[in-house]
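For reference, upload.txt is printed below; it contains compact mmCIF, N, CA and C atoms.
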```txt
# COMPACT_ATOMS: atom_id res chain seq x y z
N MET A 173 0.84 -1.18 0.00
CA MET A 173 0.00 0.00 0.00
C MET A 173 0.89 1.24 0.00
N ASN A 174 0.49 2.22 -0.73
CA ASN A 174 1.20 3.48 -0.82
C ASN A 174 1.29 4.14 0.56
N LYS A 175 2.40 4.81 0.84
CA LYS A 175 2.59 5.46 2.14
C LYS A 175 1.56 6.55 2.39
N ALA A 176 1.17 7.28 1.35
CA ALA A 176 0.17 8.33 1.52
C ALA A 176 -1.19 7.73 1.89
N TYR A 177 -1.53 6.59 1.31
CA TYR A 177 -2.78 5.92 1.67
C TYR A 177 -2.73 5.37 3.09
N LYS A 178 -1.58 4.88 3.50
CA LYS A 178 -1.43 4.41 4.88
C LYS A 178 -1.62 5.55 5.87
N GLU A 179 -1.03 6.71 5.55
CA GLU A 179 -1.19 7.85 6.45
C GLU A 179 -2.64 8.32 6.48
N LEU A 180 -3.32 8.31 5.32
CA LEU A 180 -4.73 8.69 5.30
C LEU A 180 -5.55 7.75 6.16
N PHE A 181 -5.30 6.46 6.05
CA PHE A 181 -6.01 5.47 6.86
C PHE A 181 -5.73 5.68 8.34
N LEU A 182 -4.46 5.90 8.69
CA LEU A 182 -4.09 6.13 10.08
C LEU A 182 -4.75 7.40 10.62
N ASN A 183 -4.73 8.47 9.82
CA ASN A 183 -5.32 9.73 10.26
C ASN A 183 -6.82 9.63 10.43
N THR A 184 -7.52 9.00 9.48
CA THR A 184 -8.97 8.98 9.53
C THR A 184 -9.53 7.96 10.50
N VAL A 185 -8.81 6.88 10.75
CA VAL A 185 -9.36 5.84 11.61
C VAL A 185 -8.85 5.97 13.05
N TYR A 186 -7.56 5.86 13.24
CA TYR A 186 -7.04 5.79 14.60
C TYR A 186 -6.82 7.17 15.22
N LEU A 187 -6.05 8.00 14.55
CA LEU A 187 -5.68 9.29 15.12
C LEU A 187 -6.91 10.20 15.30
N SER A 188 -7.76 10.29 14.30
CA SER A 188 -8.93 11.15 14.38
C SER A 188 -9.92 10.68 15.43
N LEU A 189 -10.13 9.38 15.53
CA LEU A 189 -11.05 8.86 16.55
C LEU A 189 -10.53 9.16 17.95
N GLY A 190 -9.25 8.95 18.17
CA GLY A 190 -8.67 9.22 19.49
C GLY A 190 -8.71 10.69 19.84
N ILE A 191 -8.30 11.52 18.91
CA ILE A 191 -8.31 12.98 19.15
C ILE A 191 -9.73 13.45 19.41
N SER A 192 -10.67 13.00 18.60
CA SER A 192 -12.06 13.44 18.74
C SER A 192 -12.64 13.02 20.08
N ALA A 193 -12.36 11.81 20.52
CA ALA A 193 -12.89 11.33 21.80
C ALA A 193 -12.31 12.12 22.96
N VAL A 194 -11.00 12.36 22.94
CA VAL A 194 -10.37 13.10 24.04
C VAL A 194 -10.88 14.52 24.12
N PHE A 195 -10.87 15.23 23.00
CA PHE A 195 -11.28 16.64 23.03
C PHE A 195 -12.78 16.80 23.24
N ALA A 196 -13.59 15.87 22.74
CA ALA A 196 -15.03 15.94 22.99
C ALA A 196 -15.32 15.72 24.47
N GLY A 197 -14.58 14.81 25.10
CA GLY A 197 -14.76 14.61 26.54
C GLY A 197 -14.38 15.84 27.34
N ILE A 198 -13.29 16.48 26.95
CA ILE A 198 -12.86 17.69 27.65
C ILE A 198 -13.88 18.80 27.49
N VAL A 199 -14.33 19.03 26.25
CA VAL A 199 -15.27 20.12 25.99
C VAL A 199 -16.62 19.84 26.65
N ALA A 200 -17.10 18.61 26.58
CA ALA A 200 -18.39 18.28 27.19
C ALA A 200 -18.33 18.41 28.71
N THR A 201 -17.18 18.15 29.30
CA THR A 201 -17.04 18.27 30.75
C THR A 201 -16.91 19.73 31.18
N VAL A 202 -16.10 20.49 30.46
CA VAL A 202 -15.84 21.87 30.84
C VAL A 202 -17.03 22.78 30.51
N ASN A 203 -17.64 22.56 29.37
CA ASN A 203 -18.73 23.42 28.92
C ASN A 203 -20.06 22.86 29.42
N ASP A 204 -20.54 23.39 30.53
CA ASP A 204 -21.80 22.92 31.11
C ASP A 204 -23.00 23.71 30.58
N GLU A 205 -22.77 24.63 29.68
CA GLU A 205 -23.85 25.49 29.19
C GLU A 205 -24.54 24.85 27.99
N SER A 206 -25.40 23.89 28.24
CA SER A 206 -26.15 23.26 27.17
C SER A 206 -27.43 24.05 26.94
N PRO A 207 -27.63 24.62 25.75
CA PRO A 207 -28.78 25.48 25.52
C PRO A 207 -30.11 24.76 25.64
N LEU A 208 -30.16 23.48 25.33
CA LEU A 208 -31.42 22.74 25.40
C LEU A 208 -31.49 21.82 26.61
N GLY A 209 -30.50 21.87 27.47
CA GLY A 209 -30.49 21.06 28.69
C GLY A 209 -30.21 19.59 28.45
N PHE A 210 -29.41 19.27 27.45
CA PHE A 210 -29.09 17.87 27.17
C PHE A 210 -28.11 17.32 28.19
N SER A 211 -28.05 16.03 28.26
CA SER A 211 -27.13 15.38 29.19
C SER A 211 -25.69 15.45 28.66
N TRP A 212 -24.74 15.06 29.53
CA TRP A 212 -23.34 15.08 29.16
C TRP A 212 -23.08 14.15 27.97
N GLY A 213 -23.70 12.99 27.96
CA GLY A 213 -23.49 12.02 26.89
C GLY A 213 -23.96 12.53 25.54
N PHE A 214 -25.08 13.21 25.52
CA PHE A 214 -25.58 13.74 24.26
C PHE A 214 -24.69 14.88 23.76
N ASN A 215 -24.25 15.73 24.69
CA ASN A 215 -23.31 16.79 24.31
C ASN A 215 -22.00 16.20 23.80
N PHE A 216 -21.50 15.16 24.49
CA PHE A 216 -20.27 14.49 24.06
C PHE A 216 -20.42 13.94 22.65
N LEU A 217 -21.53 13.28 22.36
CA LEU A 217 -21.74 12.68 21.05
C LEU A 217 -21.78 13.74 19.94
N GLY A 218 -22.49 14.84 20.18
CA GLY A 218 -22.55 15.90 19.18
C GLY A 218 -21.19 16.54 18.92
N ILE A 219 -20.47 16.83 19.99
CA ILE A 219 -19.14 17.44 19.85
C ILE A 219 -18.18 16.45 19.20
N PHE A 220 -18.25 15.18 19.60
CA PHE A 220 -17.39 14.16 19.03
C PHE A 220 -17.60 14.04 17.52
N LEU A 221 -18.85 13.99 17.09
CA LEU A 221 -19.12 13.86 15.66
C LEU A 221 -18.64 15.08 14.87
N PHE A 222 -18.80 16.28 15.44
CA PHE A 222 -18.35 17.48 14.74
C PHE A 222 -16.83 17.52 14.63
N ILE A 223 -16.13 17.21 15.72
CA ILE A 223 -14.66 17.21 15.69
C ILE A 223 -14.16 16.10 14.76
N TYR A 224 -14.82 14.95 14.77
CA TYR A 224 -14.40 13.87 13.88
C TYR A 224 -14.61 14.24 12.42
N LEU A 225 -15.71 14.90 12.10
CA LEU A 225 -15.94 15.38 10.73
C LEU A 225 -14.86 16.38 10.33
N TYR A 226 -14.53 17.28 11.23
CA TYR A 226 -13.45 18.24 10.96
C TYR A 226 -12.13 17.52 10.71
N ASN A 227 -11.81 16.53 11.53
CA ASN A 227 -10.57 15.77 11.36
C ASN A 227 -10.56 14.99 10.05
N LEU A 228 -11.71 14.47 9.63
CA LEU A 228 -11.78 13.77 8.35
C LEU A 228 -11.50 14.73 7.19
N ILE A 229 -12.07 15.92 7.25
CA ILE A 229 -11.84 16.91 6.19
C ILE A 229 -10.37 17.29 6.14
N VAL A 230 -9.77 17.53 7.31
CA VAL A 230 -8.36 17.92 7.36
C VAL A 230 -7.47 16.76 6.89
N SER A 231 -7.81 15.53 7.23
CA SER A 231 -7.01 14.37 6.80
C SER A 231 -7.08 14.18 5.29
N VAL A 232 -8.26 14.35 4.71
CA VAL A 232 -8.39 14.23 3.26
C VAL A 232 -7.65 15.38 2.57
N LEU A 233 -7.72 16.57 3.14
CA LEU A 233 -6.96 17.69 2.59
C LEU A 233 -5.47 17.41 2.62
N ASN A 234 -4.98 16.84 3.72
CA ASN A 234 -3.57 16.47 3.83
C ASN A 234 -3.20 15.43 2.78
N PHE A 235 -4.07 14.47 2.55
CA PHE A 235 -3.82 13.43 1.54
C PHE A 235 -3.73 14.04 0.14
N ILE A 236 -4.66 14.93 -0.19
CA ILE A 236 -4.66 15.57 -1.50
C ILE A 236 -3.39 16.40 -1.70
N LEU A 237 -3.02 17.15 -0.68
CA LEU A 237 -1.79 17.95 -0.78
C LEU A 237 -0.55 17.07 -0.87
N THR A 238 -0.58 15.92 -0.22
CA THR A 238 0.54 14.99 -0.31
C THR A 238 0.71 14.51 -1.75
N LYS A 239 -0.40 14.26 -2.41
CA LYS A 239 -0.34 13.79 -3.79
C LYS A 239 0.02 14.91 -4.77
N LEU A 240 -0.38 16.15 -4.48
CA LEU A 240 -0.17 17.25 -5.43
C LEU A 240 1.14 18.00 -5.25
N CYS A 241 1.58 18.20 -4.01
CA CYS A 241 2.76 19.01 -3.74
C CYS A 241 3.98 18.12 -3.53
N LYS A 242 5.00 18.38 -4.28
CA LYS A 242 6.24 17.61 -4.13
C LYS A 242 7.10 18.14 -2.99
N LEU A 243 7.11 19.44 -2.80
CA LEU A 243 7.92 20.05 -1.74
C LEU A 243 7.17 20.02 -0.41
N LEU A 244 7.84 19.55 0.62
CA LEU A 244 7.23 19.46 1.94
C LEU A 244 6.85 20.83 2.48
N ALA A 245 7.70 21.83 2.26
CA ALA A 245 7.42 23.17 2.78
C ALA A 245 6.15 23.76 2.16
N VAL A 246 5.97 23.59 0.87
CA VAL A 246 4.77 24.10 0.20
C VAL A 246 3.53 23.38 0.72
N ARG A 247 3.65 22.06 0.88
CA ARG A 247 2.51 21.29 1.38
C ARG A 247 2.12 21.73 2.77
N LEU A 248 3.09 21.95 3.65
CA LEU A 248 2.78 22.35 5.01
C LEU A 248 2.22 23.77 5.09
N ILE A 249 2.72 24.66 4.25
CA ILE A 249 2.19 26.03 4.24
C ILE A 249 0.73 26.03 3.80
N VAL A 250 0.43 25.34 2.72
CA VAL A 250 -0.95 25.29 2.23
C VAL A 250 -1.84 24.54 3.22
N PHE A 251 -1.34 23.44 3.77
CA PHE A 251 -2.11 22.66 4.74
C PHE A 251 -2.44 23.47 5.98
N ASN A 252 -1.45 24.17 6.53
CA ASN A 252 -1.70 24.97 7.73
C ASN A 252 -2.62 26.15 7.45
N ALA A 253 -2.46 26.80 6.31
CA ALA A 253 -3.35 27.92 5.97
C ALA A 253 -4.79 27.45 5.81
N ALA A 254 -4.98 26.37 5.09
CA ALA A 254 -6.33 25.85 4.88
C ALA A 254 -6.94 25.33 6.18
N GLY A 255 -6.15 24.66 6.99
CA GLY A 255 -6.65 24.14 8.26
C GLY A 255 -7.04 25.24 9.23
N LEU A 256 -6.24 26.27 9.30
CA LEU A 256 -6.58 27.39 10.19
C LEU A 256 -7.80 28.15 9.69
N LEU A 257 -7.96 28.24 8.38
CA LEU A 257 -9.16 28.86 7.83
C LEU A 257 -10.39 28.02 8.16
N LEU A 258 -10.29 26.71 8.02
CA LEU A 258 -11.41 25.83 8.39
C LEU A 258 -11.74 25.93 9.87
N THR A 259 -10.75 26.16 10.68
CA THR A 259 -10.98 26.29 12.12
C THR A 259 -11.58 27.64 12.47
N ALA A 260 -11.20 28.67 11.73
CA ALA A 260 -11.68 30.02 12.03
C ALA A 260 -13.10 30.26 11.52
N LEU A 261 -13.56 29.48 10.57
CA LEU A 261 -14.90 29.70 10.02
C LEU A 261 -16.02 29.62 11.06
N PRO A 262 -16.03 28.60 11.94
CA PRO A 262 -17.12 28.56 12.93
C PRO A 262 -16.86 29.38 14.19
N ALA A 263 -15.94 30.31 14.16
CA ALA A 263 -15.51 31.01 15.37
C ALA A 263 -16.62 31.82 16.04
N TYR A 264 -17.57 32.30 15.29
CA TYR A 264 -18.61 33.15 15.88
C TYR A 264 -19.76 32.35 16.47
N HIS A 265 -19.79 31.06 16.23
CA HIS A 265 -20.95 30.28 16.66
C HIS A 265 -20.68 29.32 17.80
N PHE A 266 -19.44 29.15 18.20
CA PHE A 266 -19.14 28.13 19.20
C PHE A 266 -18.43 28.72 20.41
N HIS A 267 -18.49 27.96 21.48
CA HIS A 267 -17.84 28.31 22.74
C HIS A 267 -16.33 28.22 22.57
N GLU A 268 -15.59 29.00 23.36
CA GLU A 268 -14.13 29.04 23.20
C GLU A 268 -13.46 27.70 23.49
N TRP A 269 -14.02 26.90 24.38
CA TRP A 269 -13.44 25.58 24.64
C TRP A 269 -13.57 24.67 23.42
N PHE A 270 -14.68 24.81 22.72
CA PHE A 270 -14.88 24.02 21.51
C PHE A 270 -13.89 24.43 20.44
N LEU A 271 -13.68 25.73 20.26
CA LEU A 271 -12.71 26.21 19.27
C LEU A 271 -11.29 25.82 19.66
N LEU A 272 -11.00 25.86 20.94
CA LEU A 272 -9.68 25.43 21.41
C LEU A 272 -9.44 23.96 21.07
N SER A 273 -10.48 23.13 21.18
CA SER A 273 -10.32 21.72 20.84
C SER A 273 -10.10 21.54 19.34
N LEU A 274 -10.73 22.38 18.50
CA LEU A 274 -10.48 22.30 17.06
C LEU A 274 -9.05 22.70 16.73
N TYR A 275 -8.59 23.78 17.33
CA TYR A 275 -7.20 24.20 17.11
C TYR A 275 -6.21 23.14 17.59
N ALA A 276 -6.46 22.58 18.77
CA ALA A 276 -5.56 21.55 19.29
C ALA A 276 -5.58 20.30 18.42
N SER A 277 -6.75 19.94 17.94
CA SER A 277 -6.86 18.80 17.03
C SER A 277 -6.08 19.03 15.75
N PHE A 278 -6.18 20.23 15.22
CA PHE A 278 -5.45 20.56 14.01
C PHE A 278 -3.95 20.55 14.25
N ILE A 279 -3.51 21.04 15.39
CA ILE A 279 -2.08 21.05 15.71
C ILE A 279 -1.54 19.63 15.80
N VAL A 280 -2.32 18.72 16.39
CA VAL A 280 -1.88 17.33 16.48
C VAL A 280 -1.77 16.71 15.09
N LEU A 281 -2.75 16.96 14.23
CA LEU A 281 -2.70 16.42 12.88
C LEU A 281 -1.57 17.05 12.07
N SER A 282 -1.32 18.33 12.27
CA SER A 282 -0.22 19.00 11.57
C SER A 282 1.12 18.45 12.04
N ALA A 283 1.26 18.23 13.33
CA ALA A 283 2.50 17.66 13.86
C ALA A 283 2.71 16.24 13.33
N HIS A 284 1.65 15.49 13.22
CA HIS A 284 1.76 14.14 12.65
C HIS A 284 2.18 14.21 11.18
N SER A 285 1.67 15.20 10.46
CA SER A 285 2.05 15.36 9.05
C SER A 285 3.53 15.70 8.92
N ILE A 286 4.03 16.53 9.81
CA ILE A 286 5.45 16.87 9.78
C ILE A 286 6.29 15.65 10.17
N TRP A 287 5.83 14.90 11.16
CA TRP A 287 6.57 13.74 11.64
C TRP A 287 6.69 12.67 10.56
N SER A 288 5.64 12.49 9.78
CA SER A 288 5.68 11.47 8.73
C SER A 288 5.90 12.14 7.37
N GLN A 289 7.07 12.72 7.18
CA GLN A 289 7.40 13.48 5.98
C GLN A 289 7.48 12.63 4.74
N ARG A 290 7.73 11.37 4.87
CA ARG A 290 7.98 10.52 3.72
C ARG A 290 6.72 9.89 3.15
N THR A 291 5.59 10.59 3.19
CA THR A 291 4.33 9.99 2.77
C THR A 291 4.06 10.10 1.28
N ALA A 292 4.82 10.87 0.56
CA ALA A 292 4.55 11.05 -0.87
C ALA A 292 5.44 10.17 -1.73
N ASP A 293 5.75 8.98 -1.22
CA ASP A 293 6.60 8.01 -1.92
C ASP A 293 7.98 8.55 -2.25
N ARG A 294 8.48 9.37 -1.34
CA ARG A 294 9.86 9.85 -1.48
C ARG A 294 10.74 9.04 -0.56
N PRO A 295 11.99 8.81 -0.93
CA PRO A 295 12.88 8.02 -0.05
C PRO A 295 13.24 8.78 1.21
```

Step by step, read the file and then write its structure as structure tokens.
Amino acid sequence: MNKAYKELFLNTVYLSLGISAVFAGIVATVNDESPLGFSWGFNFLGIFLFIYLYNLIVSVLNFILTKLCKLLAVRLIVFNAAGLLLTALPAYHFHEWFLLSLYASFIVLSAHSIWSQRTADRP
């Protein structure tokens, strides 16, 4: 299997699920202001699904950039710019703890992208 496909699989299945569960638990615990009075579990599920969807989008974006950009520096610049834009878009609608979890999730995925530099079938 191609290294880029392995990284996409790792990002979308293992890394994204773990990151989403941890940050959703933190946000659901810290943010007690549920507008409709839902329980912790329902808040956790909603936040988890949103963070996981965000991580899937960022992982697919990383995969596409891996295939298109040959230079690591160009890929990381475009990846970080696009990821921060995706994170800043919902800034007016969510609580600061939720946005902090999106930023932290993106930083973890970006660090993983830097750590696994050899994903574009380069030696």

Would you mind listing what lies within 7 Å of stretch 227-240 of chain A as a ChimeraX atom specification, with all atoms listed in the file counted and same-chain residues fewer than 2 positions away left out?
-> /A:176,180,183-184,188,222-225,242-243,247,251,255,291-292

Keeping only N, CA and C atoms, write the selected residues to a file as an mmCIF file, keeping the file's coordinate frame.
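Result written to again-v4.cif:
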```cif
data_model
loop_
_atom_site.group_PDB
_atom_site.id
_atom_site.type_symbol
_atom_site.label_atom_id
_atom_site.label_comp_id
_atom_site.auth_asym_id
_atom_site.auth_seq_id
_atom_site.Cartn_x
_atom_site.Cartn_y
_atom_site.Cartn_z
ATOM 1 N N ALA A 176 1.170 7.280 1.350
ATOM 2 C CA ALA A 176 0.170 8.330 1.520
ATOM 3 C C ALA A 176 -1.190 7.730 1.890
ATOM 4 N N LEU A 180 -3.320 8.310 5.320
ATOM 5 C CA LEU A 180 -4.730 8.690 5.300
ATOM 6 C C LEU A 180 -5.550 7.750 6.160
ATOM 7 N N ASN A 183 -4.730 8.470 9.820
ATOM 8 C CA ASN A 183 -5.320 9.730 10.260
ATOM 9 C C ASN A 183 -6.820 9.630 10.430
ATOM 10 N N THR A 184 -7.520 9.000 9.480
ATOM 11 C CA THR A 184 -8.970 8.980 9.530
ATOM 12 C C THR A 184 -9.530 7.960 10.500
ATOM 13 N N SER A 188 -7.760 10.290 14.300
ATOM 14 C CA SER A 188 -8.930 11.150 14.380
ATOM 15 C C SER A 188 -9.920 10.680 15.430
ATOM 16 N N PHE A 222 -18.800 16.280 15.440
ATOM 17 C CA PHE A 222 -18.350 17.480 14.740
ATOM 18 C C PHE A 222 -16.830 17.520 14.630
ATOM 19 N N ILE A 223 -16.130 17.210 15.720
ATOM 20 C CA ILE A 223 -14.660 17.210 15.690
ATOM 21 C C ILE A 223 -14.160 16.100 14.760
ATOM 22 N N TYR A 224 -14.820 14.950 14.770
ATOM 23 C CA TYR A 224 -14.400 13.870 13.880
ATOM 24 C C TYR A 224 -14.610 14.240 12.420
ATOM 25 N N LEU A 225 -15.710 14.900 12.100
ATOM 26 C CA LEU A 225 -15.940 15.380 10.730
ATOM 27 C C LEU A 225 -14.860 16.380 10.330
ATOM 28 N N LYS A 242 5.000 18.380 -4.280
ATOM 29 C CA LYS A 242 6.240 17.610 -4.130
ATOM 30 C C LYS A 242 7.100 18.140 -2.990
ATOM 31 N N LEU A 243 7.110 19.440 -2.800
ATOM 32 C CA LEU A 243 7.920 20.050 -1.740
ATOM 33 C C LEU A 243 7.170 20.020 -0.410
ATOM 34 N N ARG A 247 3.650 22.060 0.880
ATOM 35 C CA ARG A 247 2.510 21.290 1.380
ATOM 36 C C ARG A 247 2.120 21.730 2.770
ATOM 37 N N PHE A 251 -1.340 23.440 3.770
ATOM 38 C CA PHE A 251 -2.110 22.660 4.740
ATOM 39 C C PHE A 251 -2.440 23.470 5.980
ATOM 40 N N GLY A 255 -6.150 24.660 6.990
ATOM 41 C CA GLY A 255 -6.650 24.140 8.260
ATOM 42 C C GLY A 255 -7.040 25.240 9.230
ATOM 43 N N THR A 291 5.590 10.590 3.190
ATOM 44 C CA THR A 291 4.330 9.990 2.770
ATOM 45 C C THR A 291 4.060 10.100 1.280
ATOM 46 N N ALA A 292 4.820 10.870 0.560
ATOM 47 C CA ALA A 292 4.550 11.050 -0.870
ATOM 48 C C ALA A 292 5.440 10.170 -1.730
#
```

Do you know which residues are at most 12 Å from A:Val194 counting only C-alpha atoms, after dropping those on the same chain fewer than 6 positions away, and could you put them as a PyMOL selection string?
-> chain A and resi 187-188+200-201+216-217+219-220+223-224+273-274+276-277

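Atom C of A:Trp287 to atom CA of A:Ala245 spans 13.1 Å [interatomic distance, one decimal].
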
For stretch 224-241 of chain A, I'd like the enclosing box, axis-aligned and padded by 8 Å on every side, reported as JSON with centre and edge lengths in Å to one decimal.
```
{"center_x": -6.0, "center_y": 16.2, "center_z": 4.7, "size_x": 35.9, "size_y": 21.6, "size_z": 36.2}
```

Hey, what does DSSP flag as alpha helix (DSSP H) within stretch 174-236 of chain A? Can you give it to me as a PyMOL selection string?
-> chain A and resi 175-181+188-202+212-236

Just write the chosen residues, N, CA and C atoms, as a short mmCIF file (atom, residue, chain, number, x, y, z; two decimals), in the coordinates of the input.
```
data_model
loop_
_atom_site.label_atom_id
_atom_site.label_comp_id
_atom_site.auth_asym_id
_atom_site.auth_seq_id
_atom_site.Cartn_x
_atom_site.Cartn_y
_atom_site.Cartn_z
N LYS A 175 2.40 4.81 0.84
CA LYS A 175 2.59 5.46 2.14
C LYS A 175 1.56 6.55 2.39
N ALA A 176 1.17 7.28 1.35
CA ALA A 176 0.17 8.33 1.52
C ALA A 176 -1.19 7.73 1.89
N TYR A 177 -1.53 6.59 1.31
CA TYR A 177 -2.78 5.92 1.67
C TYR A 177 -2.73 5.37 3.09
N LYS A 178 -1.58 4.88 3.50
CA LYS A 178 -1.43 4.41 4.88
C LYS A 178 -1.62 5.55 5.87
N GLU A 179 -1.03 6.71 5.55
CA GLU A 179 -1.19 7.85 6.45
C GLU A 179 -2.64 8.32 6.48
N LEU A 180 -3.32 8.31 5.32
CA LEU A 180 -4.73 8.69 5.30
C LEU A 180 -5.55 7.75 6.16
N PHE A 181 -5.30 6.46 6.05
CA PHE A 181 -6.01 5.47 6.86
C PHE A 181 -5.73 5.68 8.34
N SER A 188 -7.76 10.29 14.30
CA SER A 188 -8.93 11.15 14.38
C SER A 188 -9.92 10.68 15.43
N LEU A 189 -10.13 9.38 15.53
CA LEU A 189 -11.05 8.86 16.55
C LEU A 189 -10.53 9.16 17.95
N GLY A 190 -9.25 8.95 18.17
CA GLY A 190 -8.67 9.22 19.49
C GLY A 190 -8.71 10.69 19.84
N ILE A 191 -8.30 11.52 18.91
CA ILE A 191 -8.31 12.98 19.15
C ILE A 191 -9.73 13.45 19.41
N SER A 192 -10.67 13.00 18.60
CA SER A 192 -12.06 13.44 18.74
C SER A 192 -12.64 13.02 20.08
N ALA A 193 -12.36 11.81 20.52
CA ALA A 193 -12.89 11.33 21.80
C ALA A 193 -12.31 12.12 22.96
N VAL A 194 -11.00 12.36 22.94
CA VAL A 194 -10.37 13.10 24.04
C VAL A 194 -10.88 14.52 24.12
N PHE A 195 -10.87 15.23 23.00
CA PHE A 195 -11.28 16.64 23.03
C PHE A 195 -12.78 16.80 23.24
N ALA A 196 -13.59 15.87 22.74
CA ALA A 196 -15.03 15.94 22.99
C ALA A 196 -15.32 15.72 24.47
N GLY A 197 -14.58 14.81 25.10
CA GLY A 197 -14.76 14.61 26.54
C GLY A 197 -14.38 15.84 27.34
N ILE A 198 -13.29 16.48 26.95
CA ILE A 198 -12.86 17.69 27.65
C ILE A 198 -13.88 18.80 27.49
N VAL A 199 -14.33 19.03 26.25
CA VAL A 199 -15.27 20.12 25.99
C VAL A 199 -16.62 19.84 26.65
N ALA A 200 -17.10 18.61 26.58
CA ALA A 200 -18.39 18.28 27.19
C ALA A 200 -18.33 18.41 28.71
N THR A 201 -17.18 18.15 29.30
CA THR A 201 -17.04 18.27 30.75
C THR A 201 -16.91 19.73 31.18
N VAL A 202 -16.10 20.49 30.46
CA VAL A 202 -15.84 21.87 30.84
C VAL A 202 -17.03 22.78 30.51
N TRP A 212 -24.74 15.06 29.53
CA TRP A 212 -23.34 15.08 29.16
C TRP A 212 -23.08 14.15 27.97
N GLY A 213 -23.70 12.99 27.96
CA GLY A 213 -23.49 12.02 26.89
C GLY A 213 -23.96 12.53 25.54
N PHE A 214 -25.08 13.21 25.52
CA PHE A 214 -25.58 13.74 24.26
C PHE A 214 -24.69 14.88 23.76
N ASN A 215 -24.25 15.73 24.69
CA ASN A 215 -23.31 16.79 24.31
C ASN A 215 -22.00 16.20 23.80
N PHE A 216 -21.50 15.16 24.49
CA PHE A 216 -20.27 14.49 24.06
C PHE A 216 -20.42 13.94 22.65
N LEU A 217 -21.53 13.28 22.36
CA LEU A 217 -21.74 12.68 21.05
C LEU A 217 -21.78 13.74 19.94
N GLY A 218 -22.49 14.84 20.18
CA GLY A 218 -22.55 15.90 19.18
C GLY A 218 -21.19 16.54 18.92
N ILE A 219 -20.47 16.83 19.99
CA ILE A 219 -19.14 17.44 19.85
C ILE A 219 -18.18 16.45 19.20
N PHE A 220 -18.25 15.18 19.60
CA PHE A 220 -17.39 14.16 19.03
C PHE A 220 -17.60 14.04 17.52
N LEU A 221 -18.85 13.99 17.09
CA LEU A 221 -19.12 13.86 15.66
C LEU A 221 -18.64 15.08 14.87
N PHE A 222 -18.80 16.28 15.44
CA PHE A 222 -18.35 17.48 14.74
C PHE A 222 -16.83 17.52 14.63
N ILE A 223 -16.13 17.21 15.72
CA ILE A 223 -14.66 17.21 15.69
C ILE A 223 -14.16 16.10 14.76
N TYR A 224 -14.82 14.95 14.77
CA TYR A 224 -14.40 13.87 13.88
C TYR A 224 -14.61 14.24 12.42
N LEU A 225 -15.71 14.90 12.10
CA LEU A 225 -15.94 15.38 10.73
C LEU A 225 -14.86 16.38 10.33
N TYR A 226 -14.53 17.28 11.23
CA TYR A 226 -13.45 18.24 10.96
C TYR A 226 -12.13 17.52 10.71
N ASN A 227 -11.81 16.53 11.53
CA ASN A 227 -10.57 15.77 11.36
C ASN A 227 -10.56 14.99 10.05
N LEU A 228 -11.71 14.47 9.63
CA LEU A 228 -11.78 13.77 8.35
C LEU A 228 -11.50 14.73 7.19
N ILE A 229 -12.07 15.92 7.25
CA ILE A 229 -11.84 16.91 6.19
C ILE A 229 -10.37 17.29 6.14
N VAL A 230 -9.77 17.53 7.31
CA VAL A 230 -8.36 17.92 7.36
C VAL A 230 -7.47 16.76 6.89
N SER A 231 -7.81 15.53 7.23
CA SER A 231 -7.01 14.37 6.80
C SER A 231 -7.08 14.18 5.29
N VAL A 232 -8.26 14.35 4.71
CA VAL A 232 -8.39 14.23 3.26
C VAL A 232 -7.65 15.38 2.57
N LEU A 233 -7.72 16.57 3.14
CA LEU A 233 -6.96 17.69 2.59
C LEU A 233 -5.47 17.41 2.62
N ASN A 234 -4.98 16.84 3.72
CA ASN A 234 -3.57 16.47 3.83
C ASN A 234 -3.20 15.43 2.78
N PHE A 235 -4.07 14.47 2.55
CA PHE A 235 -3.82 13.43 1.54
C PHE A 235 -3.73 14.04 0.14
N ILE A 236 -4.66 14.93 -0.19
CA ILE A 236 -4.66 15.57 -1.50
C ILE A 236 -3.39 16.40 -1.70
#
```

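Atom pair atom CA of A:Tyr275 / atom N of A:Leu256 has a distance of 8.1 Å (rounded to one decimal).
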
Contacts of A:Ile286 within 9 Å, only C-alpha atoms, excl. fewer than 4 positions in-chain, as a VMD selection string = chain A and resid 244 248 281 to 282

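A cut-off of 10 Å from the point (-11.6, 21.3, 27.3), with only C-alpha atoms, picks out the residues Val194, Phe195, Ala196, Gly197, Ile198, Val199, Ala200, Thr201, Val202, Asn203, Glu268, Trp269, Phe270, Leu271, Leu272 and Ser273 of chain A.
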
How many Å lie between atom CA of A:Val250 and atom CA of A:Gly190, rounded to one decimal?
-> 24.8 Å

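Restricting the calculation to all atoms listed in the file, the smallest distance between A:Leu221 and any of A:Ile249, A:Ile279, A:Ala193, A:Val185 is found for A:Ala193.
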